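Student: For reference, the file run-v4.txt (compact mmCIF, C-alpha atoms) is included below:
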```txt
# COMPACT_ATOMS: atom_id res chain seq x y z
CA GLU A 1 0.00 0.00 0.00
CA ASN A 2 1.37 3.38 -1.01
CA GLN A 3 0.05 6.89 -0.28
CA THR A 4 1.62 10.09 -1.59
CA TRP A 5 0.76 13.78 -1.44
CA GLU A 6 2.67 16.88 -2.43
CA VAL A 7 2.35 20.67 -2.20
CA ARG A 8 4.30 23.05 -4.43
CA ALA A 9 4.66 26.83 -4.73
CA SER A 10 6.68 29.08 -7.02
CA TYR A 11 7.37 32.80 -7.43
CA THR A 12 8.62 34.49 -10.61
CA ASN A 13 10.16 37.97 -10.69
CA PRO A 14 11.32 39.81 -13.85
CA LEU A 15 14.87 41.19 -13.69
CA GLY A 16 14.73 43.20 -16.90
CA LYS A 17 13.39 43.14 -20.42
CA ASN A 18 14.79 39.70 -21.29
CA SER A 19 15.44 37.89 -18.00
CA TYR A 20 13.63 36.70 -14.90
CA LEU A 21 14.25 34.79 -11.68
CA GLU A 22 12.10 31.94 -10.39
CA LEU A 23 12.00 30.61 -6.81
CA ASN A 24 10.22 27.39 -5.86
CA TYR A 25 9.52 25.19 -2.86
CA SER A 26 7.82 21.83 -2.50
CA PHE A 27 7.03 19.31 0.22
CA ASN A 28 6.35 15.64 -0.49
CA ASN A 29 5.12 12.96 1.89
CA ASN A 30 5.12 9.27 0.96
CA ASN A 31 3.87 6.45 3.21
CA ASN A 32 4.54 2.90 2.10
CA ASP A 33 3.37 -0.25 3.91
CA GLN A 34 4.71 -3.64 2.91
CA LYS A 35 3.85 -6.89 4.64
CA ARG A 36 5.26 -10.26 3.59
CA LEU A 37 4.39 -13.37 5.64
CA SER A 38 5.79 -16.84 5.09
CA TYR A 39 4.27 -20.00 6.59
CA ASP A 40 5.40 -23.57 7.09
CA LYS A 41 3.40 -26.72 7.73
CA ASP A 42 2.21 -27.28 11.28
CA GLY A 43 1.35 -30.57 12.95
CA THR A 44 -1.92 -30.82 11.03
CA GLY A 45 -0.19 -30.41 7.65
CA LYS A 46 -1.60 -26.94 7.06
CA TYR A 47 0.55 -23.94 6.16
CA GLN A 48 -0.20 -21.77 9.20
CA GLU A 49 3.05 -21.87 11.22
CA LEU A 50 4.67 -18.44 10.80
CA VAL A 51 8.37 -18.45 9.85
CA ASP A 52 9.86 -15.42 11.61
CA SER A 53 13.12 -15.34 9.62
CA LEU A 54 11.26 -15.08 6.30
CA SER A 55 8.46 -12.71 7.37
CA SER A 56 8.32 -8.93 7.64
CA ASP A 57 5.97 -6.02 8.22
CA PHE A 58 7.60 -2.72 7.27
CA LYS A 59 6.30 0.83 7.19
CA TYR A 60 8.37 3.42 5.31
CA THR A 61 7.78 7.16 5.63
CA TYR A 62 9.48 9.57 3.22
CA ASN A 63 9.40 13.33 3.86
CA THR A 64 11.09 15.56 1.28
CA ASN A 65 11.63 19.32 1.46
CA SER A 66 12.90 20.88 -1.76
CA GLY A 67 13.85 24.46 -2.65
CA GLY A 68 15.24 25.84 -5.89
CA ILE A 69 16.22 28.88 -7.89
CA ASN A 70 16.28 29.29 -11.67
CA TYR A 71 17.51 32.11 -13.88
CA SER A 72 16.39 32.60 -17.47
CA TYR A 73 17.58 34.95 -20.20
CA GLN A 74 15.75 35.14 -23.52
CA GLY A 75 17.73 37.12 -26.10
CA LYS A 76 17.33 37.51 -29.83
CA LYS A 77 19.94 34.86 -30.58
CA LEU A 78 21.05 33.55 -27.17
CA ASN A 79 18.86 31.79 -24.60
CA ILE A 80 20.21 30.78 -21.20
CA THR A 81 18.52 28.87 -18.40
CA ALA A 82 20.45 27.86 -15.28
CA GLY A 83 19.64 26.83 -11.76
CA GLY A 84 18.67 23.82 -9.73
CA ASN A 85 17.09 22.45 -6.60
CA VAL A 86 18.38 21.19 -3.29
CA SER A 87 16.21 18.74 -1.40
CA HIS A 88 16.44 16.93 1.90
CA THR A 89 14.74 13.56 2.33
CA SER A 90 14.29 11.79 5.65
CA VAL A 91 13.27 8.14 5.63
CA ASN A 92 11.97 6.22 8.63
CA GLN A 93 11.86 2.45 8.38
CA ASP A 94 9.63 0.92 11.03
CA ASP A 95 9.96 -2.86 11.40
CA ARG A 96 6.64 -3.63 13.08
CA PHE A 97 7.33 -7.35 13.00
CA GLY A 98 10.78 -7.17 14.62
CA ASN A 99 9.95 -4.18 16.85
CA ASN A 100 12.88 -2.10 15.59
CA GLY A 101 13.59 0.43 12.90
CA ARG A 102 16.15 2.47 11.05
CA SER A 103 16.39 6.04 9.83
CA TYR A 104 17.99 7.35 6.65
CA SER A 105 18.71 10.87 5.51
CA TYR A 106 19.56 12.10 2.01
CA THR A 107 20.54 15.53 0.72
CA ASN A 108 19.92 15.71 -3.02
CA LEU A 109 21.25 18.15 -5.60
CA PHE A 110 19.49 18.70 -8.94
CA PRO A 111 21.55 21.15 -11.05
CA ARG A 112 20.46 21.94 -14.59
CA GLY A 113 21.29 24.33 -17.36
CA THR A 114 20.51 25.02 -21.02
CA LEU A 115 22.41 27.15 -23.51
CA ARG A 116 20.85 27.72 -26.94
CA TYR A 117 22.19 29.84 -29.77
CA ARG A 118 20.16 30.62 -32.88
CA PHE A 119 22.27 31.19 -35.98
CA SER A 120 19.09 32.06 -37.86
CA SER A 121 15.38 31.37 -37.73
CA PHE A 122 16.05 27.92 -39.18
CA SER A 123 19.20 26.69 -37.42
CA SER A 124 20.33 26.50 -33.80
CA LEU A 125 22.81 24.82 -31.43
CA SER A 126 21.92 23.83 -27.86
CA LEU A 127 23.80 22.44 -24.87
CA ASN A 128 21.93 20.83 -21.96
CA TYR A 129 22.98 19.51 -18.57
CA ASN A 130 20.95 17.75 -15.88
CA GLY A 131 22.03 16.23 -12.59
CA SER A 132 19.80 14.00 -10.50
CA THR A 133 19.87 11.56 -7.62
CA SER A 134 18.06 8.27 -7.13
CA GLN A 135 17.33 6.62 -3.78
CA PRO A 136 17.19 2.87 -3.09
CA THR A 137 13.75 1.29 -3.08
CA ILE A 138 12.18 -0.52 -0.15
CA ASP A 139 13.01 -3.97 -1.51
CA GLN A 140 16.60 -2.93 -2.14
CA LEU A 141 17.06 -1.68 1.44
CA GLN A 142 15.37 -4.18 3.72
CA PRO A 143 17.75 -6.99 4.79
CA LEU A 144 15.14 -9.74 4.42
CA LYS A 145 15.45 -12.86 2.30
CA ASN A 146 12.69 -13.16 -0.29
CA ASN A 147 12.48 -16.91 -0.97
CA SER A 148 9.36 -16.94 -3.12
CA ASP A 149 11.67 -18.62 -5.67
CA PRO A 150 14.03 -20.86 -3.60
CA MET A 151 16.57 -21.06 -6.45
CA ASN A 152 16.68 -17.25 -6.81
CA ILE A 153 16.81 -15.55 -3.41
CA VAL A 154 16.95 -11.74 -3.15
CA VAL A 155 18.42 -9.99 -0.09
CA GLY A 156 18.24 -6.23 0.53
CA ASN A 157 21.18 -4.07 1.64
CA PRO A 158 20.48 -1.43 4.34
CA ASP A 159 23.87 0.24 3.66
CA LEU A 160 23.04 1.29 0.08
CA LYS A 161 23.93 4.84 -0.91
CA GLN A 162 21.89 6.99 -3.25
CA SER A 163 23.16 7.31 -6.81
CA PHE A 164 23.95 10.52 -8.69
CA SER A 165 23.56 10.80 -12.46
CA ASN A 166 25.02 13.33 -14.88
CA SER A 167 23.44 13.86 -18.28
CA ILE A 168 24.94 16.10 -21.00
CA GLY A 169 23.37 16.72 -24.40
CA LEU A 170 24.56 18.66 -27.45
CA ASN A 171 22.15 19.16 -30.36
CA TYR A 172 22.25 20.93 -33.71
CA ASN A 173 19.41 21.33 -36.19
CA SER A 174 19.06 23.15 -39.49
CA PHE A 175 16.27 23.49 -42.03
CA GLN A 176 16.73 25.09 -45.45
CA MET A 177 13.32 25.90 -46.79
CA MET A 178 14.32 26.65 -50.39
CA LYS A 179 16.10 23.30 -50.74
CA ASP A 180 13.58 21.46 -48.52
CA GLN A 181 16.56 20.08 -46.61
CA TYR A 182 16.68 19.05 -42.96
CA LEU A 183 19.70 18.20 -40.80
CA PHE A 184 19.73 17.13 -37.17
CA ALA A 185 22.69 15.85 -35.14
CA GLY A 186 23.21 15.26 -31.45
CA LEU A 187 25.30 13.72 -28.69
CA ASN A 188 24.16 12.43 -25.30
CA PHE A 189 26.45 11.30 -22.49
CA ASN A 190 25.24 9.80 -19.21
CA THR A 191 27.25 8.57 -16.24
CA THR A 192 26.17 7.49 -12.75
CA ALA A 193 28.11 7.45 -9.48
CA ASN A 194 27.12 4.83 -6.87
CA GLN A 195 24.69 3.23 -9.30
CA ILE A 196 22.58 0.54 -7.65
CA ASN A 197 23.38 -2.79 -9.30
CA SER A 198 23.35 -6.45 -8.35
CA SER A 199 25.87 -8.83 -6.85
CA TYR A 200 25.19 -12.52 -7.55
CA THR A 201 26.40 -15.51 -5.57
CA ILE A 202 25.85 -18.85 -7.33
CA ASP A 203 26.66 -22.21 -5.74
CA GLU A 204 27.45 -25.56 -7.40
CA PHE A 205 23.76 -26.51 -7.43
CA GLY A 206 22.77 -23.39 -9.41
CA LYS A 207 21.14 -21.62 -6.47
CA GLN A 208 21.49 -17.85 -6.89
CA VAL A 209 21.47 -15.20 -4.14
CA THR A 210 21.12 -11.60 -5.33
CA LYS A 211 22.21 -8.64 -3.21
CA TYR A 212 22.08 -4.98 -4.18
CA ILE A 213 25.31 -2.94 -4.11
CA ASN A 214 26.68 0.40 -5.29
CA VAL A 215 29.05 0.39 -8.28
CA ASN A 216 30.89 3.06 -10.27
CA GLY A 217 32.09 3.31 -13.85
CA ASN A 218 28.82 2.78 -15.71
CA TYR A 219 28.08 5.10 -18.62
CA SER A 220 26.33 5.45 -21.97
CA LEU A 221 27.27 7.54 -25.00
CA SER A 222 25.12 8.01 -28.07
CA LEU A 223 25.73 9.87 -31.31
CA PHE A 224 22.71 10.32 -33.55
CA SER A 225 21.92 12.23 -36.70
CA SER A 226 19.34 12.54 -39.46
CA PHE A 227 19.56 14.12 -42.90
CA SER A 228 16.76 14.45 -45.44
CA ARG A 229 16.45 16.36 -48.72
CA LYS A 230 14.01 16.60 -51.58
CA ILE A 231 15.38 15.43 -54.93
CA GLY A 232 15.06 18.26 -57.43
CA LYS A 233 11.53 19.07 -58.48
CA THR A 234 10.27 15.53 -57.93
CA ASN A 235 8.17 14.22 -55.08
CA TRP A 236 11.02 11.97 -53.98
CA ARG A 237 13.18 12.45 -50.91
CA ALA A 238 16.55 10.98 -49.95
CA GLY A 239 17.91 10.69 -46.44
CA MET A 240 20.03 8.80 -43.95
CA SER A 241 20.13 8.46 -40.15
CA PRO A 242 23.43 7.00 -38.89
CA ASN A 243 23.59 6.34 -35.15
CA ILE A 244 26.22 5.02 -32.73
CA MET A 245 25.71 3.91 -29.12
CA LEU A 246 28.36 2.84 -26.62
CA SER A 247 27.64 1.71 -23.05
CA GLN A 248 29.22 -0.04 -20.09
CA ASN A 249 27.49 -1.76 -17.17
CA SER A 250 29.02 -3.57 -14.19
CA ASN A 251 27.88 -6.18 -11.70
CA PHE A 252 29.54 -8.85 -9.54
CA ILE A 253 29.35 -12.64 -9.79
CA ASN A 254 30.80 -14.67 -6.90
CA GLY A 255 32.86 -11.68 -5.82
CA ARG A 256 34.35 -10.98 -9.26
CA GLN A 257 33.49 -7.87 -11.23
CA ASN A 258 31.76 -8.44 -14.56
CA GLU A 259 31.83 -5.58 -17.07
CA SER A 260 29.49 -5.64 -20.06
CA ARG A 261 30.36 -3.29 -22.91
CA SER A 262 28.07 -2.74 -25.86
CA LEU A 263 28.71 -1.00 -29.18
CA THR A 264 25.82 -0.51 -31.60
CA ILE A 265 26.25 1.03 -35.04
CA SER A 266 23.10 1.71 -37.07
CA PRO A 267 23.69 3.10 -40.58
```
Let me see whether you can do it: turn the structure in this file into structure tokens.

Tutor:
Amino acid sequence: ENQTWEVRASYTNPLGKNSYLELNYSFNNNNNDQKRLSYDKDGTGKYQELVDSLSSDFKYTYNTNSGGINYSYQGKKLNITAGGNVSHTSVNQDDRFGNNGRSYSYTNLFPRGTLRYRFSSFSSLSLNYNGSTSQPTIDQLQPLKNNSDPMNIVVGNPDLKQSFSNSIGLNYNSFQMMKDQYLFAGLNFNTTANQINSSYTIDEFGKQVTKYINVNGNYSLSLFSSFSRKIGKTNWRAGMSPNIMLSQNSNFINGRQNESRSLTISP
């Protein structure tokens, strides 16, 4: 069961003919209840004997306060937007089955910025940046074995850190009306620190235990483009859209790091 509510307010103030400043604040409350009960056979052969080590009753309460400031300039050729938010999240984990609990606290930074330059009414270049954090989920945090599939057991990790992602994008587009020609090209780069991935332990019988951990070094890079042009005075068009994607992802198997690299070329 999950219940969420949020309140948000913002104030915008002009700083001149082409620029303004925006202030914002929000509060978010999230209550999450999760109960998982496992039973074994009793003396009568019925499954009604509670197994304490495989049962849980957790209540999670998330409270997030967030404040931000953004600046925007809208010129004839140059547009700039820069700012970000800082938020503080407190998490209370109440173990109602084990009569204990834990508390977590996260301070999150969400910087962002956009720079766009218009060469003309039909062509422009833009640069974008976004930073964001991601918190572990309930299942990833709680140190309880989930044995619904005995050959694939999942165990949470209460020491998980939140991850921080950086995303950078560069885009160019141009349209020539007289030639009916369109060109678009871009680059996106994403990297994540303390990304939440999996660590697998596999025994000689094929039984797998999965635990969540933080890893570094994962990234993705994509280059994409599209070109299209009308052929003379005909109704035919010619075009091409070459794309390249490169990525790396890491996990651990029986204590050894496994890196998966992927290169995709799409002419």

Student: What does the distance from atom CA of A:Ser121 to atom CA of A:Tyr172 come to in Å, to one decimal?

Tutor: 13.1 Å

Student: What gap, in Å, lies between atom CA of A:Pro14 and atom CA of A:Asn128?

Tutor: 23.2 Å

Student: Find the residue from A:Asn28, A:Thr107, A:Asn70, A:Thr64 that sits nearest to A:Thr12; use only C-alpha atoms when measuring.

Tutor: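 Answer, going by the shortest atom-to-atom distance: A:Asn70.
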
Student: Using only C-alpha atoms, find the one residue out of A:Asn13, A:Gln3, A:Asn85, A:Ser66 that sits nearest to A:Ser26.

Tutor: A:Ser66

Student: Let me make sure I understand: among A:Phe27, A:Tyr39, A:Tyr129, A:Phe189, which one has the smallest atom-to-atom distance to A:Thr89 if we use all atoms listed in the file?

Tutor: A:Phe27

Student: Env of A:Gln142: 8 Å cut, atoms = only C-alpha atoms, seq-sep filter 6 positions within chain, self excluded. Answer as a list in words.

Tutor: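 Counting only C-alpha atoms, the residues come to Val155, Gly156, Asn157 and Pro158 of chain A.
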
Student: Neighbours of A:Ile253 within 6 Å (only C-alpha atoms; same-chain residues fewer than 5 positions away dropped), as an NGL selection string?

Tutor: :A and (199-201)

Student: Excluding A:Phe110 and residues on its chain fewer than 2 positions from it, collect all residues at most 7 Å away from it, counting only C-alpha atoms, and give them as a PyMOL selection string.

Tutor: chain A and resi 84-86+108+112+131-132

Student: Taking only residues of stretch 122-143 of chain A that have an atom at most 10 Å from an atom of stretch 212-229 of chain A, what is each one's shortest atom pair and its distance in Å to one decimal, using all atoms listed in the file, in chain and number order, as JSON lines?

Tutor:
```
{"residue": "A:Pro136", "atom": "CA", "partner": "A:Tyr212", "partner_atom": "CA", "distance": 9.3}
{"residue": "A:Asp139", "atom": "CA", "partner": "A:Tyr212", "partner_atom": "CA", "distance": 9.5}
{"residue": "A:Gln140", "atom": "CA", "partner": "A:Tyr212", "partner_atom": "CA", "distance": 6.2}
{"residue": "A:Leu141", "atom": "CA", "partner": "A:Tyr212", "partner_atom": "CA", "distance": 8.2}
```

Student: Using all atoms listed in the file, can you tell me which of A:Tyr62, A:Phe252, A:Phe184, A:Tyr71 comes closest to A:Asn18?

Tutor: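 Going through A:Tyr62, A:Phe252, A:Phe184, A:Tyr71 one by one, the smallest distance to A:Asn18 is for A:Tyr71.
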
Student: Using all atoms listed in the file, which of the listed residues (A:Ser105, A:Asn31, A:Ser250, A:Asn190) sits closest to A:Leu160?

Tutor: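 Residue with the minimum atom-to-atom distance to A:Leu160: A:Ser105.
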
Student: Using only C-alpha atoms, which residue out of A:Tyr47, A:Tyr182, A:Phe58, A:Tyr25 lies closest to A:Arg96?

Tutor: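 So, comparing all the options, the nearest one is A:Phe58.
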
Student: Go ahead and compute the interatomic distance for atom CA of A:Ser72 and atom CA of A:Tyr11, in Å to one decimal.

Tutor: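 Here the two named atoms are 13.5 Å from each other.
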
Student: Any idea what's packed within 12 Å of stretch 232-235 of chain A, counting all atoms listed in the file, ignoring anything in its chain fewer than 6 positions away? Could you give it as a list in words?

Tutor: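 That gives Met178, Lys179, Asp180 and Gln181 of chain A.
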
Student: Pick out the residues sitting within 12 Å of A:Asn152, and hand them over as a list of chain:residue names; count all atoms listed in the file, and ignore anything fewer than 6 positions along from it in its own chain.

Tutor: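 That gives A:Lys145, A:Asn146, A:Tyr200, A:Thr201, A:Ile202, A:Asp203, A:Phe205, A:Gly206, A:Lys207, A:Gln208, A:Val209, A:Thr210, A:Lys211.
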
Student: Could you please give me, as a PDB file with C-alpha atoms, in the frame of the given file, the residues of protein, DNA or RNA lying at most 9 Å from (2.1, -11.2, 7.2) in the coordinate frame of the file, considering only C-alpha atoms?

Tutor:
```pdb
ATOM      1  CA  LYS A  35       3.850  -6.890   4.640  1.00  0.00           C
ATOM      2  CA  ARG A  36       5.260 -10.260   3.590  1.00  0.00           C
ATOM      3  CA  LEU A  37       4.390 -13.370   5.640  1.00  0.00           C
ATOM      4  CA  SER A  38       5.790 -16.840   5.090  1.00  0.00           C
ATOM      5  CA  LEU A  50       4.670 -18.440  10.800  1.00  0.00           C
ATOM      6  CA  SER A  55       8.460 -12.710   7.370  1.00  0.00           C
ATOM      7  CA  SER A  56       8.320  -8.930   7.640  1.00  0.00           C
ATOM      8  CA  ASP A  57       5.970  -6.020   8.220  1.00  0.00           C
ATOM      9  CA  PHE A  97       7.330  -7.350  13.000  1.00  0.00           C
TER      10      PHE A  97
END
```
